[in-house]
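To be precise, the following lines are my_file-v3.tsv, and they hold TSV, C-alpha atoms.
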```tsv
chain	number	residue	atom	x	y	z
A	1	VAL	CA	17.05	-5.03	-11.85
A	2	ILE	CA	19.94	-6.85	-13.55
A	3	GLY	CA	22.45	-4.27	-14.76
A	4	ASP	CA	20.42	-1.97	-17.01
A	5	SER	CA	17.85	-4.71	-17.63
A	6	LEU	CA	14.59	-4.87	-15.75
A	7	PHE	CA	12.37	-7.84	-14.94
A	8	LEU	CA	8.80	-7.42	-13.66
A	9	LEU	CA	6.26	-10.03	-12.65
A	10	THR	CA	2.65	-8.87	-12.28
A	11	HIS	CA	-0.94	-10.00	-12.85
A	12	SER	CA	-3.63	-8.86	-15.24
A	13	PRO	CA	-7.26	-9.48	-14.20
A	14	GLU	CA	-9.52	-11.37	-16.58
A	15	LEU	CA	-13.31	-11.65	-16.37
A	16	THR	CA	-14.57	-14.26	-18.81
A	17	THR	CA	-17.95	-15.80	-19.56
A	18	VAL	CA	-18.25	-19.48	-18.67
A	19	HIS	CA	-20.83	-22.10	-19.59
A	20	ALA	CA	-22.52	-24.91	-17.75
A	21	ASN	CA	-20.00	-27.49	-18.97
A	22	HIS	CA	-16.95	-25.35	-18.10
A	23	GLU	CA	-14.50	-27.21	-15.91
A	24	HIS	CA	-13.94	-24.20	-13.63
A	25	ASN	CA	-17.54	-23.05	-13.33
A	26	GLN	CA	-17.63	-23.75	-9.60
A	27	HIS	CA	-16.02	-20.33	-9.18
A	28	ALA	CA	-18.40	-18.52	-11.53
A	29	LEU	CA	-20.42	-15.45	-10.68
A	30	ASP	CA	-23.93	-15.51	-12.12
A	31	LEU	CA	-25.61	-12.14	-12.40
A	32	ASN	CA	-29.07	-13.67	-12.56
A	33	ASN	CA	-29.51	-16.36	-9.96
A	34	ASN	CA	-26.13	-17.19	-8.38
A	35	SER	CA	-26.23	-20.70	-9.77
A	36	ASN	CA	-22.81	-22.22	-10.28
A	37	ASN	CA	-23.95	-24.28	-13.25
A	38	SER	CA	-25.75	-21.73	-15.39
A	39	ASP	CA	-24.71	-20.31	-18.75
A	40	GLY	CA	-23.75	-16.66	-18.84
A	41	ALA	CA	-21.91	-16.67	-15.51
A	42	PHE	CA	-18.61	-14.84	-15.10
A	43	GLU	CA	-15.33	-16.27	-13.91
A	44	PHE	CA	-12.59	-14.13	-12.41
A	45	GLN	CA	-8.96	-15.10	-13.01
A	46	LEU	CA	-5.55	-13.50	-12.60
A	47	ASN	CA	-3.34	-13.84	-15.65
A	48	GLN	CA	0.34	-13.76	-14.72
A	49	VAL	CA	2.41	-11.43	-16.91
A	50	ALA	CA	6.24	-11.32	-17.03
A	51	ILE	CA	7.95	-8.23	-18.45
A	52	LEU	CA	11.63	-8.08	-19.41
A	53	THR	CA	13.35	-4.96	-20.75
A	54	LEU	CA	16.69	-5.23	-22.59
A	55	PRO	CA	18.78	-2.05	-22.85
A	56	PRO	CA	20.73	-0.95	-25.97
A	57	PRO	CA	21.87	-2.32	-28.30
A	58	HIS	CA	18.86	-4.67	-28.09
A	59	ARG	CA	16.22	-2.13	-27.00
A	60	LEU	CA	13.50	-4.72	-26.53
A	61	ILE	CA	10.58	-5.32	-24.21
A	62	ILE	CA	9.59	-8.96	-23.94
A	63	THR	CA	6.24	-9.83	-22.36
A	64	VAL	CA	5.01	-13.32	-21.58
A	65	GLN	CA	1.58	-14.12	-20.13
A	66	LEU	CA	0.48	-17.37	-18.56
A	67	ARG	CA	-2.78	-17.62	-20.52
A	68	GLU	CA	-4.13	-16.06	-23.66
A	69	SER	CA	-6.16	-12.93	-23.03
A	70	GLY	CA	-9.94	-12.99	-23.28
A	71	ALA	CA	-12.18	-12.24	-26.23
A	72	HIS	CA	-11.59	-8.49	-25.95
A	73	GLY	CA	-7.82	-8.80	-26.35
A	74	GLY	CA	-6.84	-7.79	-22.85
A	75	TRP	CA	-3.96	-5.47	-22.02
A	76	ALA	CA	-1.84	-6.45	-25.05
A	77	ALA	CA	-4.51	-5.23	-27.47
A	78	ARG	CA	-4.65	-1.95	-25.56
A	79	VAL	CA	-0.88	-1.48	-25.95
A	80	GLN	CA	-1.14	-2.19	-29.69
A	81	GLN	CA	-3.96	0.33	-30.02
A	82	ARG	CA	-1.92	2.98	-28.24
A	83	LEU	CA	0.96	2.32	-30.61
A	84	ARG	CA	-1.26	2.55	-33.70
A	85	ASN	CA	-2.89	5.78	-32.48
A	86	ASN	CA	0.43	7.15	-31.24
A	87	VAL	CA	-1.12	7.98	-27.87
A	88	GLU	CA	1.11	10.32	-25.82
A	89	HIS	CA	3.51	10.30	-28.80
A	90	LEU	CA	4.47	6.78	-27.88
A	91	ARG	CA	6.18	6.14	-31.22
A	92	GLU	CA	8.30	9.23	-30.81
A	93	LYS	CA	9.53	8.42	-27.31
A	94	GLN	CA	13.13	7.29	-27.44
A	95	PRO	CA	13.56	5.86	-23.90
A	96	LEU	CA	12.53	2.24	-23.62
A	97	SER	CA	11.08	2.97	-20.18
A	98	HIS	CA	8.15	4.82	-21.77
A	99	MET	CA	7.10	1.64	-23.55
A	100	LEU	CA	7.39	-0.09	-20.17
A	101	TYR	CA	5.03	2.54	-18.78
A	102	ALA	CA	2.55	1.85	-21.61
A	103	VAL	CA	2.55	-1.88	-20.78
A	104	VAL	CA	2.15	-1.38	-17.02
A	105	ASP	CA	-0.52	1.27	-17.48
A	106	SER	CA	-2.51	-0.99	-19.80
A	107	ILE	CA	-2.39	-3.78	-17.22
A	108	VAL	CA	-3.49	-1.46	-14.41
A	109	ASP	CA	-6.35	-0.07	-16.52
A	110	ARG	CA	-7.75	-3.60	-16.74
A	111	TYR	CA	-8.71	-3.41	-13.07
A	112	PHE	CA	-11.20	-0.56	-13.45
A	113	PRO	CA	-13.81	-2.44	-15.56
A	114	LEU	CA	-13.49	-5.33	-13.11
A	115	LEU	CA	-14.14	-3.02	-10.17
A	116	GLU	CA	-17.14	-1.59	-12.00
A	117	PHE	CA	-18.46	-5.13	-12.47
A	118	TYR	CA	-18.12	-5.91	-8.77
A	119	GLY	CA	-19.79	-2.62	-7.87
A	120	GLU	CA	-22.81	-3.53	-10.01
A	121	ARG	CA	-22.75	-7.05	-8.61
A	122	MET	CA	-22.90	-5.83	-5.01
A	123	GLU	CA	-25.71	-3.43	-5.90
A	124	GLU	CA	-27.70	-6.35	-7.31
A	125	LEU	CA	-26.98	-8.42	-4.21
A	126	GLU	CA	-28.16	-5.56	-2.02
A	127	ASN	CA	-31.43	-5.26	-3.96
A	128	ALA	CA	-31.93	-9.02	-3.78
A	129	LEU	CA	-31.33	-8.97	-0.03
A	130	VAL	CA	-33.93	-6.26	0.45
A	131	ASP	CA	-36.51	-8.07	-1.71
A	132	ASP	CA	-35.89	-11.64	-0.55
A	133	PRO	CA	-33.00	-12.42	1.85
A	134	SER	CA	-32.54	-16.02	0.71
A	135	PRO	CA	-29.70	-18.08	2.25
A	136	HIS	CA	-28.12	-18.74	-1.17
A	137	LEU	CA	-27.24	-15.04	-1.42
A	138	ILE	CA	-24.66	-15.54	1.33
A	139	LYS	CA	-22.64	-17.66	-1.12
A	140	GLY	CA	-22.62	-14.81	-3.63
A	141	ILE	CA	-21.57	-12.25	-1.00
A	142	THR	CA	-18.83	-14.55	0.30
A	143	ARG	CA	-17.53	-15.14	-3.24
A	144	VAL	CA	-17.41	-11.43	-4.02
A	145	LYS	CA	-15.66	-10.69	-0.72
A	146	ARG	CA	-13.10	-13.44	-1.33
A	147	GLU	CA	-12.26	-12.24	-4.84
A	148	LEU	CA	-12.00	-8.62	-3.72
A	149	LEU	CA	-9.49	-9.79	-1.13
A	150	SER	CA	-7.59	-11.61	-3.87
A	151	LEU	CA	-7.49	-8.41	-5.93
A	152	ARG	CA	-6.22	-6.45	-2.94
A	153	ARG	CA	-3.42	-8.96	-2.39
A	154	THR	CA	-2.44	-8.52	-6.05
A	155	ILE	CA	-2.51	-4.72	-6.02
A	156	TRP	CA	-0.31	-4.22	-2.95
A	157	PRO	CA	2.85	-5.76	-4.51
A	158	MET	CA	2.25	-3.71	-7.66
A	159	ARG	CA	2.28	-0.53	-5.57
A	160	ASP	CA	5.60	-1.51	-4.02
A	161	CYS	CA	6.99	-2.40	-7.45
A	162	LEU	CA	6.05	0.99	-8.92
A	163	SER	CA	7.54	2.75	-5.92
A	164	ARG	CA	10.82	1.00	-6.61
A	165	LEU	CA	10.64	1.76	-10.33
A	166	MET	CA	10.38	5.47	-9.70
A	167	VAL	CA	13.66	5.55	-7.72
A	168	LEU	CA	15.69	3.63	-10.29
A	169	PRO	CA	18.56	5.48	-12.04
A	170	ASP	CA	17.95	7.42	-15.25
A	171	ALA	CA	19.68	4.71	-17.27
A	172	VAL	CA	16.69	2.46	-16.52
A	173	ILE	CA	13.78	4.89	-15.96
A	174	ASP	CA	14.05	8.40	-17.41
A	175	ASP	CA	12.44	11.46	-15.83
A	176	ASP	CA	9.62	11.66	-18.39
A	177	SER	CA	8.63	8.02	-17.85
A	178	ARG	CA	8.94	8.48	-14.10
A	179	MET	CA	6.29	11.21	-14.28
A	180	TYR	CA	3.93	8.90	-16.18
A	181	LEU	CA	4.59	6.03	-13.76
A	182	ARG	CA	3.64	8.35	-10.92
A	183	GLY	CA	0.23	8.67	-12.57
A	184	VAL	CA	-0.05	4.87	-12.72
A	185	ALA	CA	0.81	4.74	-9.02
A	186	GLU	CA	-2.04	7.16	-8.33
A	187	HIS	CA	-4.37	4.83	-10.23
A	188	LEU	CA	-3.24	1.99	-8.00
A	189	PHE	CA	-4.00	4.08	-4.92
A	190	GLN	CA	-7.47	4.72	-6.33
A	191	ILE	CA	-7.96	1.00	-6.91
A	192	VAL	CA	-6.90	0.21	-3.35
A	193	ASP	CA	-9.33	2.83	-2.00
A	194	ILE	CA	-12.15	1.39	-4.10
A	195	LEU	CA	-11.32	-2.13	-2.90
A	196	GLU	CA	-11.40	-0.95	0.71
A	197	THR	CA	-14.79	0.65	0.07
A	198	TYR	CA	-16.12	-2.49	-1.60
A	199	ARG	CA	-14.87	-4.61	1.28
A	200	ASP	CA	-16.81	-2.42	3.71
A	201	ILE	CA	-19.88	-2.71	1.48
A	202	ALA	CA	-19.50	-6.51	1.42
A	203	MET	CA	-19.38	-6.57	5.22
A	204	GLY	CA	-22.44	-4.32	5.22
A	205	LEU	CA	-24.22	-6.84	2.98
A	206	PHE	CA	-23.63	-9.53	5.59
A	207	GLU	CA	-25.12	-7.26	8.25
A	208	LEU	CA	-28.02	-6.42	5.92
A	209	PHE	CA	-28.70	-10.12	5.37
A	210	PHE	CA	-28.81	-10.96	9.07
A	211	SER	CA	-30.86	-7.83	9.79
A	212	SER	CA	-33.36	-8.77	7.07
A	213	VAL	CA	-33.58	-12.33	8.39
A	214	GLY	CA	-34.05	-10.98	11.90
A	215	ILE	CA	-36.82	-8.64	10.77
A	216	ARG	CA	-38.61	-11.44	8.94
A	217	LEU	CA	-38.25	-13.70	11.96
A	218	ASN	CA	-39.69	-10.97	14.18
A	219	GLU	CA	-42.65	-10.60	11.79
A	220	VAL	CA	-43.29	-14.33	11.92
A	221	MET	CA	-42.98	-14.41	15.71
A	222	LYS	CA	-45.33	-11.41	15.99
A	223	THR	CA	-47.94	-13.17	13.85
A	224	LEU	CA	-47.60	-16.41	15.80
A	225	SER	CA	-47.83	-14.53	19.09
A	226	ALA	CA	-50.97	-12.74	17.92
A	227	VAL	CA	-52.58	-16.05	16.89
A	228	SER	CA	-51.63	-17.60	20.24
A	229	THR	CA	-53.10	-14.61	22.06
A	230	LEU	CA	-56.37	-15.02	20.16
A	231	PHE	CA	-56.73	-18.57	21.40
A	232	LEU	CA	-55.83	-17.88	25.05
A	233	PRO	CA	-59.31	-16.67	26.17
A	234	LEU	CA	-60.94	-19.40	24.08
A	235	THR	CA	-58.80	-21.99	25.82
A	236	PHE	CA	-59.87	-20.50	29.14
A	237	LEU	CA	-63.58	-20.71	28.28
A	238	THR	CA	-63.39	-24.28	27.03
A	239	GLY	CA	-61.35	-25.23	30.08
A	240	VAL	CA	-63.88	-23.78	32.48
A	241	TYR	CA	-66.90	-25.38	30.89
A	242	GLY	CA	-65.06	-28.61	30.29
A	243	MET	CA	-64.78	-29.26	34.05
A	244	ASN	CA	-67.00	-31.94	35.61
A	245	PHE	CA	-68.72	-29.81	38.27
A	246	GLU	CA	-72.36	-30.72	38.94
A	247	ASN	CA	-73.49	-27.21	39.88
A	248	MET	CA	-72.95	-25.22	36.65
A	249	PRO	CA	-76.21	-23.35	35.87
A	250	GLU	CA	-75.14	-22.43	32.30
A	251	LEU	CA	-75.03	-26.05	31.28
A	252	THR	CA	-78.75	-26.55	31.94
A	253	TRP	CA	-79.85	-23.42	30.15
A	254	SER	CA	-81.11	-24.05	26.59
A	255	GLY	CA	-79.32	-21.03	25.08
A	256	SER	CA	-75.94	-21.64	26.68
A	257	TYR	CA	-74.42	-23.10	23.52
A	258	TYR	CA	-75.30	-20.03	21.48
A	259	LEU	CA	-74.13	-17.76	24.28
A	260	PHE	CA	-70.78	-19.54	24.30
A	261	TRP	CA	-70.21	-18.94	20.58
A	262	PHE	CA	-71.39	-15.35	20.91
A	263	CYS	CA	-68.75	-14.78	23.58
A	264	VAL	CA	-66.12	-16.49	21.41
A	265	VAL	CA	-66.85	-14.30	18.38
A	266	LEU	CA	-67.04	-11.16	20.53
A	267	ILE	CA	-63.69	-11.82	22.22
A	268	VAL	CA	-61.89	-12.75	18.99
A	269	GLY	CA	-63.36	-9.77	17.13
A	270	ALA	CA	-62.36	-7.38	19.91
A	271	GLN	CA	-58.81	-8.76	19.93
A	272	ILE	CA	-58.44	-8.52	16.14
A	273	ALA	CA	-59.71	-4.93	16.18
A	274	TYR	CA	-57.27	-4.03	18.96
A	275	PHE	CA	-54.30	-5.70	17.19
A	276	TRP	CA	-55.20	-4.02	13.91
A	277	ARG	CA	-55.41	-0.63	15.58
A	278	ARG	CA	-51.93	-1.11	17.09
A	279	ASN	CA	-50.54	-2.28	13.71
A	280	TRP	CA	-49.72	-5.68	15.14
A	281	LEU	CA	-51.49	-7.50	12.29
```
Just give me the structure as C-alpha cells.
Amino acid sequence: VIGDSLFLLTHSPELTTVHANHEHNQHALDLNNNSNNSDGAFEFQLNQVAILTLPPPHRLIITVQLRESGAHGGWAARVQQRLRNNVEHLREKQPLSHMLYAVVDSIVDRYFPLLEFYGERMEELENALVDDPSPHLIKGITRVKRELLSLRRTIWPMRDCLSRLMVLPDAVIDDDSRMYLRGVAEHLFQIVDILETYRDIAMGLFELFFSSVGIRLNEVMKTLSAVSTLFLPLTFLTGVYGMNFENMPELTWSGSYYLFWFCVVLIVGAQIAYFWRRNWL
C-alpha cells in the first residue's frame, strides 16, 4: 500500500497445449502415454500478474501480465465478460476496490479448472498403475506431484495477501468489497485443501506403484519356485541313477527306462495337481 494506492503481485495458472517441436515440451504432461515429445501434451505455467490501483481523481486499475493469456483468454477475458454482463452489478459499483475484487476473483477462479485437470490426470495414472505398473509412470507421478507443490507455494502468499487486504482502511477497501474478498479467501482455502488432498493421493500413487511391482514380483517368484519344485524330484531321480554303482538291479531290467519315465510323469502330474488345488499356479 502506497498512500491510497495499492500494488499487488500474483500469478495466474495457465495450462496450454504443446507440440512435439515446442521448446518447453520437456515439462509437458501427456494424457495418453506420458511421452515428452508427443503432440497434444499439456504444459503448466504460472503467468505473473501485477495489479496497481490508483485512487481518485485517477480511479484506475492497471494490470500487467508477463505473458499473453492462452487461447481461451484467461482471467482478463473473464473480467471483460463480467463487465459486459454486469455481474454483481459491477458497472454500478462506485468503489474501485470492487473492480479489484473482480480481477482477483477471476485469477483465483483459474485454479479450479487446473485442479480438475490434475484430478483427472491422477485418476488416469491410478488406472494405468493397476493395469500395468510400468516404470515410466513414475515420471508422470513425480511431475504431477512437483507441479502441485508449485501451485501450493503460489497459493499460500495469495492467502496472506487477501488477509491483509481485508484489514485495510475503508479508503482503500470498502466494506462491500471486503465481504466479496472474504468469499475469494474461502475459495483459496478450498484450493489449499484440494491441493493437500491431491498431494496425499500422489503419495498414495507411489505406494500403489511399489505395491503393484511387489505383487508382480511375488507372482513371478511364485511361478519360478513352482517350476523349481517340479524339477527337484526329477533331479533326485537322475542323480541316483546317474551314479556309477555296479549293483543297481534296475539298470539291468529291460523295462527300467519306461518305469523311469512313468515315475517322472506321475510325480510331475501329482505336483501340478497339488499346486493347482492350492491356487499356486
I'd like the contact shell of Gln48 (chain A) - 6 Å cut-off, only C-alpha atoms, skipping same-chain residues fewer than 5 positions apart - returned as a list in words.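 Within the cut-off, the hits are Thr10, His11, Gln65 and Leu66 of chain A.
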Just-selected residues, C-alpha atoms written as a tab-separated table (two decimals), keeping the file's coordinate frame:
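Writing done, so here's out-v6.tsv:
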```
chain	number	residue	atom	x	y	z
A	10	THR	CA	2.65	-8.87	-12.28
A	11	HIS	CA	-0.94	-10.00	-12.85
A	65	GLN	CA	1.58	-14.12	-20.13
A	66	LEU	CA	0.48	-17.37	-18.56
```
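Contact shell of region 50-57 of chain A at 7 Å (only C-alpha atoms; same-chain neighbours under 2 positions omitted): A:Asp4, A:Ser5, A:Leu6, A:Phe7, A:Leu8, A:Leu9, A:Thr10, A:Gln48, A:Arg59, A:Leu60, A:Ile61, A:Ile62, A:Thr63, A:Val64, A:Gln65.
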One decimal place gives the CA of Glu123 (chain A)-CA of Val184 (chain A) separation as 27.8 Å
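Taking CA of Ile155 (chain A) and CA of Gly140 (chain A) as endpoints, the distance between them is 22.6 Å.
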Show which residues sit within 8 Å of Pro13 (chain A), as a count of residues only. Count only C-alpha atoms, and ignore same-chain residues fewer than 6 positions away. 7
Practice task
Excluding Tyr118 (chain A) and residues on its chain fewer than 4 positions from it, collect all residues at most 12 Å away from it, counting only C-alpha atoms, and give them as a PyMOL selection string.
Solution key: chain A and resi 15+29-31+42-44+111-114+122-125+140-141+143-148+151+194-195+197-199+201-202
Exercise for the section: Pick out the residues sitting within 10 Å of Gln271 (chain A), and hand them over as a PyMOL selection string; count all atoms listed in the file, and ignore anything fewer than 5 positions along from it in its own chain. Expected result: chain A and resi 226+229-230+265-266+276-277
* **Nearest residue to Val130 (chain A) from the set A:Val213, A:Leu165, A:Val172, A:Leu181 (distances using only C-alpha atoms)** =>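 That would be A:Val213, the residue with the smallest distance to Val130 (chain A).
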Could you rebuild region 180-202 of chain A with N, CA, C and O atoms and give it back as a PDB file, keeping the file's coordinate frame?
```
ATOM      1  N   TYR A 180       5.083   9.706 -15.767  1.00  0.00           N
ATOM      2  CA  TYR A 180       3.930   8.900 -16.180  1.00  0.00           C
ATOM      3  C   TYR A 180       3.687   7.748 -15.211  1.00  0.00           C
ATOM      4  O   TYR A 180       2.535   7.410 -14.895  1.00  0.00           O
ATOM      5  N   LEU A 181       4.747   7.122 -14.725  1.00  0.00           N
ATOM      6  CA  LEU A 181       4.590   6.030 -13.760  1.00  0.00           C
ATOM      7  C   LEU A 181       3.984   6.529 -12.457  1.00  0.00           C
ATOM      8  O   LEU A 181       3.281   5.783 -11.776  1.00  0.00           O
ATOM      9  N   ARG A 182       4.252   7.775 -12.118  1.00  0.00           N
ATOM     10  CA  ARG A 182       3.640   8.350 -10.920  1.00  0.00           C
ATOM     11  C   ARG A 182       2.116   8.411 -11.090  1.00  0.00           C
ATOM     12  O   ARG A 182       1.368   8.194 -10.135  1.00  0.00           O
ATOM     13  N   GLY A 183       1.666   8.690 -12.306  1.00  0.00           N
ATOM     14  CA  GLY A 183       0.230   8.670 -12.570  1.00  0.00           C
ATOM     15  C   GLY A 183      -0.352   7.272 -12.443  1.00  0.00           C
ATOM     16  O   GLY A 183      -1.462   7.092 -11.936  1.00  0.00           O
ATOM     17  N   VAL A 184       0.404   6.255 -12.885  1.00  0.00           N
ATOM     18  CA  VAL A 184      -0.050   4.870 -12.720  1.00  0.00           C
ATOM     19  C   VAL A 184      -0.135   4.515 -11.234  1.00  0.00           C
ATOM     20  O   VAL A 184      -1.067   3.829 -10.789  1.00  0.00           O
ATOM     21  N   ALA A 185       0.833   4.996 -10.454  1.00  0.00           N
ATOM     22  CA  ALA A 185       0.810   4.740  -9.020  1.00  0.00           C
ATOM     23  C   ALA A 185      -0.434   5.356  -8.375  1.00  0.00           C
ATOM     24  O   ALA A 185      -1.051   4.756  -7.480  1.00  0.00           O
ATOM     25  N   GLU A 186      -0.821   6.535  -8.845  1.00  0.00           N
ATOM     26  CA  GLU A 186      -2.040   7.160  -8.330  1.00  0.00           C
ATOM     27  C   GLU A 186      -3.271   6.322  -8.672  1.00  0.00           C
ATOM     28  O   GLU A 186      -4.205   6.212  -7.874  1.00  0.00           O
ATOM     29  N   HIS A 187      -3.272   5.728  -9.860  1.00  0.00           N
ATOM     30  CA  HIS A 187      -4.370   4.830 -10.230  1.00  0.00           C
ATOM     31  C   HIS A 187      -4.426   3.636  -9.284  1.00  0.00           C
ATOM     32  O   HIS A 187      -5.512   3.192  -8.894  1.00  0.00           O
ATOM     33  N   LEU A 188      -3.273   3.113  -8.930  1.00  0.00           N
ATOM     34  CA  LEU A 188      -3.240   1.990  -8.000  1.00  0.00           C
ATOM     35  C   LEU A 188      -3.770   2.384  -6.632  1.00  0.00           C
ATOM     36  O   LEU A 188      -4.476   1.611  -5.974  1.00  0.00           O
ATOM     37  N   PHE A 189      -3.450   3.590  -6.189  1.00  0.00           N
ATOM     38  CA  PHE A 189      -4.000   4.080  -4.920  1.00  0.00           C
ATOM     39  C   PHE A 189      -5.517   4.184  -5.005  1.00  0.00           C
ATOM     40  O   PHE A 189      -6.230   3.857  -4.045  1.00  0.00           O
ATOM     41  N   GLN A 190      -6.023   4.649  -6.152  1.00  0.00           N
ATOM     42  CA  GLN A 190      -7.470   4.720  -6.330  1.00  0.00           C
ATOM     43  C   GLN A 190      -8.090   3.328  -6.280  1.00  0.00           C
ATOM     44  O   GLN A 190      -9.156   3.132  -5.676  1.00  0.00           O
ATOM     45  N   ILE A 191      -7.438   2.362  -6.916  1.00  0.00           N
ATOM     46  CA  ILE A 191      -7.960   1.000  -6.910  1.00  0.00           C
ATOM     47  C   ILE A 191      -7.995   0.443  -5.501  1.00  0.00           C
ATOM     48  O   ILE A 191      -8.975  -0.208  -5.086  1.00  0.00           O
ATOM     49  N   VAL A 192      -6.938   0.689  -4.738  1.00  0.00           N
ATOM     50  CA  VAL A 192      -6.900   0.210  -3.350  1.00  0.00           C
ATOM     51  C   VAL A 192      -8.023   0.847  -2.534  1.00  0.00           C
ATOM     52  O   VAL A 192      -8.707   0.174  -1.748  1.00  0.00           O
ATOM     53  N   ASP A 193      -8.244   2.152  -2.729  1.00  0.00           N
ATOM     54  CA  ASP A 193      -9.330   2.830  -2.000  1.00  0.00           C
ATOM     55  C   ASP A 193     -10.686   2.243  -2.383  1.00  0.00           C
ATOM     56  O   ASP A 193     -11.556   2.037  -1.513  1.00  0.00           O
ATOM     57  N   ILE A 194     -10.880   1.979  -3.669  1.00  0.00           N
ATOM     58  CA  ILE A 194     -12.150   1.390  -4.100  1.00  0.00           C
ATOM     59  C   ILE A 194     -12.320  -0.007  -3.521  1.00  0.00           C
ATOM     60  O   ILE A 194     -13.421  -0.379  -3.074  1.00  0.00           O
ATOM     61  N   LEU A 195     -11.238  -0.791  -3.486  1.00  0.00           N
ATOM     62  CA  LEU A 195     -11.320  -2.130  -2.900  1.00  0.00           C
ATOM     63  C   LEU A 195     -11.661  -2.077  -1.422  1.00  0.00           C
ATOM     64  O   LEU A 195     -12.434  -2.904  -0.921  1.00  0.00           O
ATOM     65  N   GLU A 196     -11.086  -1.108  -0.713  1.00  0.00           N
ATOM     66  CA  GLU A 196     -11.400  -0.950   0.710  1.00  0.00           C
ATOM     67  C   GLU A 196     -12.883  -0.597   0.880  1.00  0.00           C
ATOM     68  O   GLU A 196     -13.560  -1.115   1.781  1.00  0.00           O
ATOM     69  N   THR A 197     -13.375   0.285   0.002  1.00  0.00           N
ATOM     70  CA  THR A 197     -14.790   0.650   0.070  1.00  0.00           C
ATOM     71  C   THR A 197     -15.678  -0.538  -0.220  1.00  0.00           C
ATOM     72  O   THR A 197     -16.679  -0.784   0.482  1.00  0.00           O
ATOM     73  N   TYR A 198     -15.317  -1.315  -1.250  1.00  0.00           N
ATOM     74  CA  TYR A 198     -16.120  -2.490  -1.600  1.00  0.00           C
ATOM     75  C   TYR A 198     -16.079  -3.534  -0.491  1.00  0.00           C
ATOM     76  O   TYR A 198     -17.071  -4.236  -0.256  1.00  0.00           O
ATOM     77  N   ARG A 199     -14.950  -3.653   0.181  1.00  0.00           N
ATOM     78  CA  ARG A 199     -14.870  -4.610   1.280  1.00  0.00           C
ATOM     79  C   ARG A 199     -15.822  -4.206   2.406  1.00  0.00           C
ATOM     80  O   ARG A 199     -16.512  -5.049   2.995  1.00  0.00           O
ATOM     81  N   ASP A 200     -15.876  -2.901   2.695  1.00  0.00           N
ATOM     82  CA  ASP A 200     -16.810  -2.420   3.710  1.00  0.00           C
ATOM     83  C   ASP A 200     -18.258  -2.664   3.277  1.00  0.00           C
ATOM     84  O   ASP A 200     -19.113  -3.029   4.099  1.00  0.00           O
ATOM     85  N   ILE A 201     -18.525  -2.472   1.976  1.00  0.00           N
ATOM     86  CA  ILE A 201     -19.880  -2.710   1.480  1.00  0.00           C
ATOM     87  C   ILE A 201     -20.228  -4.192   1.604  1.00  0.00           C
ATOM     88  O   ILE A 201     -21.351  -4.556   1.976  1.00  0.00           O
ATOM     89  N   ALA A 202     -19.253  -5.077   1.295  1.00  0.00           N
ATOM     90  CA  ALA A 202     -19.500  -6.510   1.420  1.00  0.00           C
ATOM     91  C   ALA A 202     -19.822  -6.891   2.865  1.00  0.00           C
ATOM     92  O   ALA A 202     -20.728  -7.693   3.126  1.00  0.00           O
TER      93      ALA A 202
END
```
